[in-house]
Amino acid sequence: TYNFYLFDNALNQKIDHTFKRDIKDKKFIYENIDVSKDGNTLYLLGKVRSDEAKKKKDGGKYQYELTRITSTDEKTQVFDTDDHYAASLKTIVFQDRLTCIGFYSDRNDNRFKGISYFELDPTTLAIKKTKFNPFTEQFIIDKYGKDKDKELKNLRFKKLIITAQNDIILNAEEFYIVTTYMNTPQGSYTRTTYHYDDIVSAKINSNGEIV
């Protein structure tokens, strides 16, 4: 259960809405929320581990749900990343379109092969476009050398920027934590190392393609 309150710049309340999903808390992962350009609509994105998603043969055992909330109603669209894994998605609201963007993999949730892009109608939530853009071969060579079997690991969103041409600039960082347990004659101890590795920046045009 989530309670949403939306105010305008003068602090007049525009939305007071209770969102309920009949599912355990741990099976609904809140991704992000965004507001329409006119300030009258909320978009809630969640990653859901449903019974339907469990039956998939390949790909992530979850689905994404995008809910449109206004002062009078609530509407939800379910969409899937097919046989891919998408650890996380973010919504981006434009004047006339609604997009969800994130990294995807063909192996598991923390090894990334490219960028996924979904475009939905901001009113009906109908899915208008789905794209899975693999990273270029040169990009992987620049990162790992000639070992082409590599995939980027542990990417975390840092920031999304919209250009004047409505292209999307996506910035992310390779981040992970390694914990080592050591036993010595002087006693045992734990060492935790925080790894901040490479920065990844990508540009996606209005057609959902990597520039």
# chains A, B, ... in the order shown; residues from 1 in each chain; ligands from 1
$ closest_atom_pairs --of "region 160-206 of chain A" --to "region 134-153 of chain A" --cutoff "12 Å" --atoms "only C-alpha atoms" --output "JSON lines"
{"residue": "A:Ala172", "atom": "CA", "partner": "A:Leu152", "partner_atom": "CA", "distance": 11.1}
{"residue": "A:Glu173", "atom": "CA", "partner": "A:Lys153", "partner_atom": "CA", "distance": 9.6}
{"residue": "A:Glu174", "atom": "CA", "partner": "A:Lys153", "partner_atom": "CA", "distance": 6.6}
{"residue": "A:Phe175", "atom": "CA", "partner": "A:Lys153", "partner_atom": "CA", "distance": 8.3}
{"residue": "A:Tyr176", "atom": "CA", "partner": "A:Lys153", "partner_atom": "CA", "distance": 8.8}
{"residue": "A:His195", "atom": "CA", "partner": "A:Lys153", "partner_atom": "CA", "distance": 11.7}
{"residue": "A:Tyr196", "atom": "CA", "partner": "A:Lys153", "partner_atom": "CA", "distance": 11.6}
{"residue": "A:Asp197", "atom": "CA", "partner": "A:Lys153", "partner_atom": "CA", "distance": 10.0}
{"residue": "A:Asp198", "atom": "CA", "partner": "A:Lys143", "partner_atom": "CA", "distance": 8.9}
{"residue": "A:Ile199", "atom": "CA", "partner": "A:Lys143", "partner_atom": "CA", "distance": 10.7}
{"residue": "A:Val200", "atom": "CA", "partner": "A:Leu152", "partner_atom": "CA", "distance": 9.6}
{"residue": "A:Ser201", "atom": "CA", "partner": "A:Phe139", "partner_atom": "CA", "distance": 11.3}
{"residue": "A:Ala202", "atom": "CA", "partner": "A:Phe135", "partner_atom": "CA", "distance": 9.7}
{"residue": "A:Lys203", "atom": "CA", "partner": "A:Phe135", "partner_atom": "CA", "distance": 11.6}
{"residue": "A:Ile204", "atom": "CA", "partner": "A:Phe135", "partner_atom": "CA", "distance": 12.0}
$ closest_atom_pairs --of "region 60-88 of chain A" --to "region 98-111 of chain A" --cutoff "8 Å" --atoms "only C-alpha atoms" --output "CSV"
residue,atom,partner,partner_atom,distance
A:Gly60,CA,A:Asn108,CA,7.6
A:Asp83,CA,A:Asp106,CA,7.3
A:His84,CA,A:Asp106,CA,5.0
A:Tyr85,CA,A:Ser105,CA,5.0
A:Ala86,CA,A:Tyr104,CA,4.3
A:Ala87,CA,A:Asp109,CA,5.1
A:Ser88,CA,A:Gly102,CA,6.0
$ write_last_selection --atoms "C-alpha atoms" --output "JSON list (two decimals), in the first residue's frame"
[["chain", "number", "residue", "atom", "x", "y", "z"],
["A", 60, "GLY", "CA", 13.54, -12.65, -15.51],
["A", 83, "ASP", "CA", 13.37, -13.55, -22.50],
["A", 84, "HIS", "CA", 15.70, -10.80, -21.25],
["A", 85, "TYR", "CA", 16.63, -9.72, -17.74],
["A", 86, "ALA", "CA", 16.14, -6.06, -16.79],
["A", 87, "ALA", "CA", 17.32, -5.39, -13.26],
["A", 88, "SER", "CA", 15.75, -1.93, -13.15]]
$ atom_distance --atom1 "CA of Ser36 (chain A)" --atom2 "CA of Leu66 (chain A)"
13.6 Å
$ atom_distance --atom1 "CA of Ile161 (chain A)" --atom2 "CA of Arg49 (chain A)"
29.3 Å
$ select_by_dssp --residues "chain A" --states "strand (DSSP E)" --output "count of residues only"
114
$ select_by_dssp --residues "region 46-197 of chain A" --states "helix (DSSP H, G or I)" --output "PyMOL selection string"
chain A and resi 51-54+137-144
$ atom_distance --atom1 "CA of Asn12 (chain A)" --atom2 "CA of Tyr43 (chain A)"
19.4 Å
